[in-house]
file protein.tsv (TSV, N, CA and C atoms)
chain	number	residue	atom	x	y	z
A	1	MET	N	-187.35	83.50	-5.51
A	1	MET	CA	-186.55	84.63	-5.13
A	1	MET	C	-187.35	85.92	-5.27
A	2	ARG	N	-188.05	86.05	-6.38
A	2	ARG	CA	-188.84	87.26	-6.61
A	2	ARG	C	-189.92	87.43	-5.54
A	3	GLU	N	-190.56	86.32	-5.17
A	3	GLU	CA	-191.60	86.37	-4.14
A	3	GLU	C	-191.00	86.76	-2.79
A	4	ALA	N	-189.84	86.20	-2.46
A	4	ALA	CA	-189.19	86.52	-1.19
A	4	ALA	C	-188.80	87.99	-1.13
A	5	LEU	N	-188.27	88.50	-2.24
A	5	LEU	CA	-187.90	89.91	-2.29
A	5	LEU	C	-189.13	90.79	-2.17
A	6	GLY	N	-190.19	90.42	-2.84
A	6	GLY	CA	-191.44	91.19	-2.75
A	6	GLY	C	-191.99	91.21	-1.33
A	7	ALA	N	-191.93	90.05	-0.66
A	7	ALA	CA	-192.40	89.98	0.73
A	7	ALA	C	-191.54	90.86	1.63
A	8	PHE	N	-190.23	90.84	1.41
A	8	PHE	CA	-189.33	91.68	2.21
A	8	PHE	C	-189.63	93.16	1.98
A	9	MET	N	-189.83	93.54	0.73
A	9	MET	CA	-190.10	94.94	0.41
A	9	MET	C	-191.37	95.44	1.09
A	10	GLN	N	-192.32	94.54	1.30
A	10	GLN	CA	-193.57	94.92	1.97
A	10	GLN	C	-193.34	95.26	3.44
A	11	THR	N	-192.24	94.79	4.02
A	11	THR	CA	-191.97	95.05	5.44
A	11	THR	C	-191.27	96.39	5.66
A	12	LEU	N	-190.79	97.01	4.59
A	12	LEU	CA	-190.03	98.25	4.71
A	12	LEU	C	-190.95	99.46	4.83
A	13	ASP	N	-190.53	100.41	5.63
A	13	ASP	CA	-191.25	101.68	5.76
A	13	ASP	C	-190.48	102.73	4.98
A	14	PHE	N	-191.02	103.14	3.85
A	14	PHE	CA	-190.34	104.09	2.99
A	14	PHE	C	-190.59	105.53	3.40
A	15	GLY	N	-191.45	105.75	4.38
A	15	GLY	CA	-191.68	107.10	4.88
A	15	GLY	C	-192.46	107.97	3.93
A	16	SER	N	-192.34	109.27	4.14
A	16	SER	CA	-193.11	110.25	3.40
A	16	SER	C	-192.25	110.95	2.36
A	17	PRO	N	-192.65	110.92	1.09
A	17	PRO	CA	-191.90	111.66	0.08
A	17	PRO	C	-191.81	113.16	0.39
A	18	ALA	N	-192.83	113.71	1.00
A	18	ALA	CA	-192.80	115.14	1.36
A	18	ALA	C	-191.71	115.41	2.39
A	19	ALA	N	-191.57	114.52	3.34
A	19	ALA	CA	-190.53	114.68	4.36
A	19	ALA	C	-189.15	114.57	3.73
A	20	ALA	N	-189.00	113.66	2.77
A	20	ALA	CA	-187.71	113.50	2.09
A	20	ALA	C	-187.37	114.77	1.31
A	21	GLY	N	-188.37	115.37	0.68
A	21	GLY	CA	-188.13	116.61	-0.06
A	21	GLY	C	-187.67	117.73	0.84
A	22	ALA	N	-188.31	117.86	1.99
A	22	ALA	CA	-187.90	118.90	2.94
A	22	ALA	C	-186.48	118.64	3.45
A	23	ALA	N	-186.16	117.38	3.68
A	23	ALA	CA	-184.81	117.04	4.15
A	23	ALA	C	-183.77	117.35	3.07
A	24	LEU	N	-184.11	117.05	1.83
A	24	LEU	CA	-183.20	117.34	0.72
A	24	LEU	C	-182.92	118.83	0.62
A	25	LEU	N	-183.93	119.64	0.80
A	25	LEU	CA	-183.73	121.09	0.75
A	25	LEU	C	-182.82	121.56	1.88
A	26	LYS	N	-182.90	120.95	3.04
A	26	LYS	CA	-182.00	121.31	4.14
A	26	LYS	C	-180.55	121.00	3.77
A	27	VAL	N	-180.34	119.86	3.11
A	27	VAL	CA	-178.99	119.51	2.68
A	27	VAL	C	-178.49	120.53	1.66
A	28	VAL	N	-179.31	120.83	0.68
A	28	VAL	CA	-178.93	121.76	-0.38
A	28	VAL	C	-178.63	123.15	0.18
A	29	ASP	N	-179.40	123.58	1.15
A	29	ASP	CA	-179.24	124.91	1.73
A	29	ASP	C	-178.14	124.99	2.79
A	30	SER	N	-177.57	123.86	3.16
A	30	SER	CA	-176.56	123.83	4.21
A	30	SER	C	-175.27	124.52	3.76
A	31	ASP	N	-174.60	125.18	4.70
A	31	ASP	CA	-173.31	125.79	4.41
A	31	ASP	C	-172.22	124.73	4.20
A	32	ASN	N	-172.42	123.57	4.79
A	32	ASN	CA	-171.43	122.49	4.70
A	32	ASN	C	-172.17	121.17	4.45
A	33	PRO	N	-172.72	120.97	3.25
A	33	PRO	CA	-173.52	119.76	3.00
A	33	PRO	C	-172.65	118.51	3.01
A	34	PRO	N	-173.21	117.41	3.47
A	34	PRO	CA	-172.45	116.16	3.48
A	34	PRO	C	-172.29	115.61	2.07
A	35	LEU	N	-171.23	114.85	1.86
A	35	LEU	CA	-171.03	114.18	0.59
A	35	LEU	C	-172.09	113.10	0.39
A	36	ARG	N	-172.42	112.42	1.48
A	36	ARG	CA	-173.44	111.37	1.47
A	36	ARG	C	-174.33	111.55	2.69
A	37	VAL	N	-175.60	111.24	2.52
A	37	VAL	CA	-176.54	111.34	3.63
A	37	VAL	C	-177.65	110.31	3.40
A	38	PHE	N	-178.18	109.77	4.48
A	38	PHE	CA	-179.30	108.83	4.38
A	38	PHE	C	-180.61	109.60	4.48
A	39	PHE	N	-181.57	109.20	3.69
A	39	PHE	CA	-182.95	109.65	3.84
A	39	PHE	C	-183.75	108.44	4.26
A	40	GLY	N	-184.17	108.41	5.50
A	40	GLY	CA	-184.89	107.27	6.04
A	40	GLY	C	-184.06	106.60	7.12
A	41	THR	N	-184.64	105.57	7.69
A	41	THR	CA	-184.00	104.92	8.84
A	41	THR	C	-183.22	103.67	8.48
A	42	GLN	N	-183.51	103.04	7.34
A	42	GLN	CA	-182.87	101.76	7.05
A	42	GLN	C	-181.35	101.86	6.99
A	43	GLY	N	-180.82	102.85	6.29
A	43	GLY	CA	-179.37	102.99	6.19
A	43	GLY	C	-178.72	103.26	7.53
A	44	ASN	N	-179.33	104.13	8.31
A	44	ASN	CA	-178.78	104.45	9.63
A	44	ASN	C	-178.82	103.25	10.57
A	45	ASP	N	-179.79	102.37	10.38
A	45	ASP	CA	-179.89	101.19	11.24
A	45	ASP	C	-178.90	100.10	10.83
A	46	MET	N	-178.63	99.98	9.54
A	46	MET	CA	-177.88	98.85	9.03
A	46	MET	C	-176.41	99.15	8.77
A	47	LEU	N	-176.10	100.29	8.21
A	47	LEU	CA	-174.76	100.50	7.69
A	47	LEU	C	-173.65	100.78	8.70
A	48	PRO	N	-173.92	101.29	9.89
A	48	PRO	CA	-172.80	101.43	10.83
A	48	PRO	C	-172.07	100.10	11.09
A	49	GLN	N	-172.81	99.00	11.20
A	49	GLN	CA	-172.17	97.71	11.42
A	49	GLN	C	-171.43	97.25	10.16
A	50	VAL	N	-172.01	97.51	9.00
A	50	VAL	CA	-171.34	97.15	7.74
A	50	VAL	C	-169.99	97.86	7.66
A	51	TYR	N	-169.96	99.15	7.96
A	51	TYR	CA	-168.71	99.90	7.89
A	51	TYR	C	-167.73	99.48	8.98
A	52	ALA	N	-168.23	99.16	10.17
A	52	ALA	CA	-167.36	98.67	11.24
A	52	ALA	C	-166.69	97.37	10.80
A	53	ASP	N	-167.45	96.50	10.15
A	53	ASP	CA	-166.88	95.25	9.64
A	53	ASP	C	-165.82	95.52	8.58
A	54	ARG	N	-166.08	96.47	7.69
A	54	ARG	CA	-165.10	96.81	6.66
A	54	ARG	C	-163.82	97.37	7.28
A	55	LEU	N	-163.96	98.27	8.24
A	55	LEU	CA	-162.79	98.85	8.88
A	55	LEU	C	-161.95	97.77	9.57
A	56	LYS	N	-162.62	96.82	10.21
A	56	LYS	CA	-161.89	95.73	10.87
A	56	LYS	C	-161.15	94.89	9.83
A	57	THR	N	-161.82	94.56	8.74
A	57	THR	CA	-161.16	93.77	7.68
A	57	THR	C	-159.94	94.50	7.16
A	58	TRP	N	-160.08	95.79	6.87
A	58	TRP	CA	-158.95	96.56	6.35
A	58	TRP	C	-157.80	96.61	7.36
A	59	ALA	N	-158.13	96.77	8.63
A	59	ALA	CA	-157.09	96.79	9.66
A	59	ALA	C	-156.41	95.43	9.76
A	60	ASP	N	-157.21	94.37	9.70
A	60	ASP	CA	-156.65	93.01	9.78
A	60	ASP	C	-155.69	92.72	8.63
A	61	TRP	N	-155.92	93.32	7.47
A	61	TRP	CA	-155.14	93.05	6.27
A	61	TRP	C	-154.20	94.20	5.91
A	62	GLN	N	-153.99	95.12	6.82
A	62	GLN	CA	-153.15	96.28	6.54
A	62	GLN	C	-151.71	95.88	6.18
A	63	ASP	N	-151.15	94.90	6.86
A	63	ASP	CA	-149.78	94.47	6.55
A	63	ASP	C	-149.68	94.00	5.10
A	64	LEU	N	-150.68	93.27	4.64
A	64	LEU	CA	-150.67	92.81	3.26
A	64	LEU	C	-150.79	93.98	2.29
A	65	ALA	N	-151.61	94.97	2.63
A	65	ALA	CA	-151.75	96.15	1.77
A	65	ALA	C	-150.41	96.87	1.63
A	66	ILE	N	-149.70	97.00	2.73
A	66	ILE	CA	-148.38	97.65	2.71
A	66	ILE	C	-147.40	96.81	1.90
A	67	GLU	N	-147.44	95.50	2.11
A	67	GLU	CA	-146.57	94.59	1.36
A	67	GLU	C	-146.82	94.70	-0.15
A	68	ALA	N	-148.07	94.83	-0.52
A	68	ALA	CA	-148.43	94.91	-1.94
A	68	ALA	C	-147.91	96.17	-2.59
A	69	GLN	N	-147.61	97.17	-1.79
A	69	GLN	CA	-147.05	98.41	-2.33
A	69	GLN	C	-145.52	98.31	-2.49
A	70	GLY	N	-144.95	97.28	-1.87
A	70	GLY	CA	-143.51	97.12	-1.93
A	70	GLY	C	-142.81	97.75	-0.74
A	71	SER	N	-143.56	98.09	0.29
A	71	SER	CA	-143.00	98.67	1.51
A	71	SER	C	-143.11	97.64	2.64
A	72	THR	N	-142.45	97.93	3.73
A	72	THR	CA	-142.58	97.09	4.91
A	72	THR	C	-143.27	97.87	6.00
A	73	PRO	N	-144.04	97.20	6.85
A	73	PRO	CA	-144.73	97.92	7.93
A	73	PRO	C	-143.75	98.61	8.86
A	74	ALA	N	-144.15	99.76	9.36
A	74	ALA	CA	-143.32	100.49	10.34
A	74	ALA	C	-143.26	99.69	11.62
A	75	ALA	N	-142.10	99.71	12.26
A	75	ALA	CA	-141.91	98.95	13.50
A	75	ALA	C	-142.54	99.64	14.67

call {"tool": "encode", "arguments": {"input": "protein.tsv", "output": "structure tokens"}}
result
Amino acid sequence: MREALGAFMQTLDFGSPAAAGAALLKVVDSDNPPLRVFFGTQGNDMLPQVYADRLKTWADWQDLAIEAQGSTPAA
């Protein structure tokens, strides 16, 4: 497992720390900074699908969530 993880880590492009610093300063200096932001490409490439999957799961189970509160779904 450790070897596989090490091999995977070698395939990642972590970019330039200097570029990350400049990007961080832009966030800090922003009039409306985001609560969360990605530095690099991996999150932007991977997480939109992860969140789409989560939203679908939550929508699929919304009736159960409402039931668990003791309410009934609106007609």

call {"tool": "residues_around", "arguments": {"input": "protein.tsv", "residues": "Leu12 of chain A", "least_positions_apart": "4", "cutoff": "10 Å", "atoms": "only C-alpha atoms", "output": "ChimeraX atom specification"}}
result
/A:7-8,41-42

call {"tool": "write_last_selection", "arguments": {"input": "protein.tsv", "atoms": "N, CA and C atoms", "output": "CSV table (one decimal), in the coordinates of the input"}}
result
chain,number,residue,atom,x,y,z
A,7,ALA,N,-191.9,90.0,-0.7
A,7,ALA,CA,-192.4,90.0,0.7
A,7,ALA,C,-191.5,90.9,1.6
A,8,PHE,N,-190.2,90.8,1.4
A,8,PHE,CA,-189.3,91.7,2.2
A,8,PHE,C,-189.6,93.2,2.0
A,41,THR,N,-184.6,105.6,7.7
A,41,THR,CA,-184.0,104.9,8.8
A,41,THR,C,-183.2,103.7,8.5
A,42,GLN,N,-183.5,103.0,7.3
A,42,GLN,CA,-182.9,101.8,7.0
A,42,GLN,C,-181.4,101.9,7.0

call {"tool": "closest_residue", "arguments": {"input": "protein.tsv", "among": "A:Gly40, A:Leu64, A:Gly70, A:Asp31", "to": "Asp13 of chain A", "atoms": "only N, CA and C atoms"}}
result
A:Gly40

call {"tool": "atom_distance", "arguments": {"input": "protein.tsv", "atom1": "atom CA of Phe38 of chain A", "atom2": "atom N of Thr11 of chain A"}}
result
19.1 Å

call {"tool": "atom_distance", "arguments": {"input": "protein.tsv", "atom1": "atom CA of Ala23 of chain A", "atom2": "atom CA of Arg36 of chain A"}}
result
13.0 Å

call {"tool": "atom_distance", "arguments": {"input": "protein.tsv", "atom1": "atom C of Met1 of chain A", "atom2": "atom C of Tyr51 of chain A"}}
result
27.8 Å

call {"tool": "select_by_dssp", "arguments": {"input": "protein.tsv", "residues": "chain A", "states": "helix (DSSP H, G or I)", "output": "short mmCIF file (atom, residue, chain, number, x, y, z; two decimals) with N, CA and C atoms, keeping the file's coordinate frame"}}
result
data_model
loop_
_atom_site.label_atom_id
_atom_site.label_comp_id
_atom_site.auth_asym_id
_atom_site.auth_seq_id
_atom_site.Cartn_x
_atom_site.Cartn_y
_atom_site.Cartn_z
N ARG A 2 -188.05 86.05 -6.38
CA ARG A 2 -188.84 87.26 -6.61
C ARG A 2 -189.92 87.43 -5.54
N GLU A 3 -190.56 86.32 -5.17
CA GLU A 3 -191.60 86.37 -4.14
C GLU A 3 -191.00 86.76 -2.79
N ALA A 4 -189.84 86.20 -2.46
CA ALA A 4 -189.19 86.52 -1.19
C ALA A 4 -188.80 87.99 -1.13
N LEU A 5 -188.27 88.50 -2.24
CA LEU A 5 -187.90 89.91 -2.29
C LEU A 5 -189.13 90.79 -2.17
N GLY A 6 -190.19 90.42 -2.84
CA GLY A 6 -191.44 91.19 -2.75
C GLY A 6 -191.99 91.21 -1.33
N ALA A 7 -191.93 90.05 -0.66
CA ALA A 7 -192.40 89.98 0.73
C ALA A 7 -191.54 90.86 1.63
N PHE A 8 -190.23 90.84 1.41
CA PHE A 8 -189.33 91.68 2.21
C PHE A 8 -189.63 93.16 1.98
N MET A 9 -189.83 93.54 0.73
CA MET A 9 -190.10 94.94 0.41
C MET A 9 -191.37 95.44 1.09
N GLN A 10 -192.32 94.54 1.30
CA GLN A 10 -193.57 94.92 1.97
C GLN A 10 -193.34 95.26 3.44
N THR A 11 -192.24 94.79 4.02
CA THR A 11 -191.97 95.05 5.44
C THR A 11 -191.27 96.39 5.66
N PRO A 17 -192.65 110.92 1.09
CA PRO A 17 -191.90 111.66 0.08
C PRO A 17 -191.81 113.16 0.39
N ALA A 18 -192.83 113.71 1.00
CA ALA A 18 -192.80 115.14 1.36
C ALA A 18 -191.71 115.41 2.39
N ALA A 19 -191.57 114.52 3.34
CA ALA A 19 -190.53 114.68 4.36
C ALA A 19 -189.15 114.57 3.73
N ALA A 20 -189.00 113.66 2.77
CA ALA A 20 -187.71 113.50 2.09
C ALA A 20 -187.37 114.77 1.31
N GLY A 21 -188.37 115.37 0.68
CA GLY A 21 -188.13 116.61 -0.06
C GLY A 21 -187.67 117.73 0.84
N ALA A 22 -188.31 117.86 1.99
CA ALA A 22 -187.90 118.90 2.94
C ALA A 22 -186.48 118.64 3.45
N ALA A 23 -186.16 117.38 3.68
CA ALA A 23 -184.81 117.04 4.15
C ALA A 23 -183.77 117.35 3.07
N LEU A 24 -184.11 117.05 1.83
CA LEU A 24 -183.20 117.34 0.72
C LEU A 24 -182.92 118.83 0.62
N LEU A 25 -183.93 119.64 0.80
CA LEU A 25 -183.73 121.09 0.75
C LEU A 25 -182.82 121.56 1.88
N LYS A 26 -182.90 120.95 3.04
CA LYS A 26 -182.00 121.31 4.14
C LYS A 26 -180.55 121.00 3.77
N VAL A 27 -180.34 119.86 3.11
CA VAL A 27 -178.99 119.51 2.68
C VAL A 27 -178.49 120.53 1.66
N VAL A 28 -179.31 120.83 0.68
CA VAL A 28 -178.93 121.76 -0.38
C VAL A 28 -178.63 123.15 0.18
N ASP A 29 -179.40 123.58 1.15
CA ASP A 29 -179.24 124.91 1.73
C ASP A 29 -178.14 124.99 2.79
N GLN A 42 -183.51 103.04 7.34
CA GLN A 42 -182.87 101.76 7.05
C GLN A 42 -181.35 101.86 6.99
N GLY A 43 -180.82 102.85 6.29
CA GLY A 43 -179.37 102.99 6.19
C GLY A 43 -178.72 103.26 7.53
N ASN A 44 -179.33 104.13 8.31
CA ASN A 44 -178.78 104.45 9.63
C ASN A 44 -178.82 103.25 10.57
N ASP A 45 -179.79 102.37 10.38
CA ASP A 45 -179.89 101.19 11.24
C ASP A 45 -178.90 100.10 10.83
N MET A 46 -178.63 99.98 9.54
CA MET A 46 -177.88 98.85 9.03
C MET A 46 -176.41 99.15 8.77
N LEU A 47 -176.10 100.29 8.21
CA LEU A 47 -174.76 100.50 7.69
C LEU A 47 -173.65 100.78 8.70
N PRO A 48 -173.92 101.29 9.89
CA PRO A 48 -172.80 101.43 10.83
C PRO A 48 -172.07 100.10 11.09
N GLN A 49 -172.81 99.00 11.20
CA GLN A 49 -172.17 97.71 11.42
C GLN A 49 -171.43 97.25 10.16
N VAL A 50 -172.01 97.51 9.00
CA VAL A 50 -171.34 97.15 7.74
C VAL A 50 -169.99 97.86 7.66
N TYR A 51 -169.96 99.15 7.96
CA TYR A 51 -168.71 99.90 7.89
C TYR A 51 -167.73 99.48 8.98
N ALA A 52 -168.23 99.16 10.17
CA ALA A 52 -167.36 98.67 11.24
C ALA A 52 -166.69 97.37 10.80
N ASP A 53 -167.45 96.50 10.15
CA ASP A 53 -166.88 95.25 9.64
C ASP A 53 -165.82 95.52 8.58
N ARG A 54 -166.08 96.47 7.69
CA ARG A 54 -165.10 96.81 6.66
C ARG A 54 -163.82 97.37 7.28
N LEU A 55 -163.96 98.27 8.24
CA LEU A 55 -162.79 98.85 8.88
C LEU A 55 -161.95 97.77 9.57
N LYS A 56 -162.62 96.82 10.21
CA LYS A 56 -161.89 95.73 10.87
C LYS A 56 -161.15 94.89 9.83
N THR A 57 -161.82 94.56 8.74
CA THR A 57 -161.16 93.77 7.68
C THR A 57 -159.94 94.50 7.16
N TRP A 58 -160.08 95.79 6.87
CA TRP A 58 -158.95 96.56 6.35
C TRP A 58 -157.80 96.61 7.36
N ALA A 59 -158.13 96.77 8.63
CA ALA A 59 -157.09 96.79 9.66
C ALA A 59 -156.41 95.43 9.76
N ASP A 60 -157.21 94.37 9.70
CA ASP A 60 -156.65 93.01 9.78
C ASP A 60 -155.69 92.72 8.63
N GLN A 62 -153.99 95.12 6.82
CA GLN A 62 -153.15 96.28 6.54
C GLN A 62 -151.71 95.88 6.18
N ASP A 63 -151.15 94.90 6.86
CA ASP A 63 -149.78 94.47 6.55
C ASP A 63 -149.68 94.00 5.10
N LEU A 64 -150.68 93.27 4.64
CA LEU A 64 -150.67 92.81 3.26
C LEU A 64 -150.79 93.98 2.29
N ALA A 65 -151.61 94.97 2.63
CA ALA A 65 -151.75 96.15 1.77
C ALA A 65 -150.41 96.87 1.63
N ILE A 66 -149.70 97.00 2.73
CA ILE A 66 -148.38 97.65 2.71
C ILE A 66 -147.40 96.81 1.90
N GLU A 67 -147.44 95.50 2.11
CA GLU A 67 -146.57 94.59 1.36
C GLU A 67 -146.82 94.70 -0.15
N ALA A 68 -148.07 94.83 -0.52
CA ALA A 68 -148.43 94.91 -1.94
C ALA A 68 -147.91 96.17 -2.59
N GLN A 69 -147.61 97.17 -1.79
CA GLN A 69 -147.05 98.41 -2.33
C GLN A 69 -145.52 98.31 -2.49
#
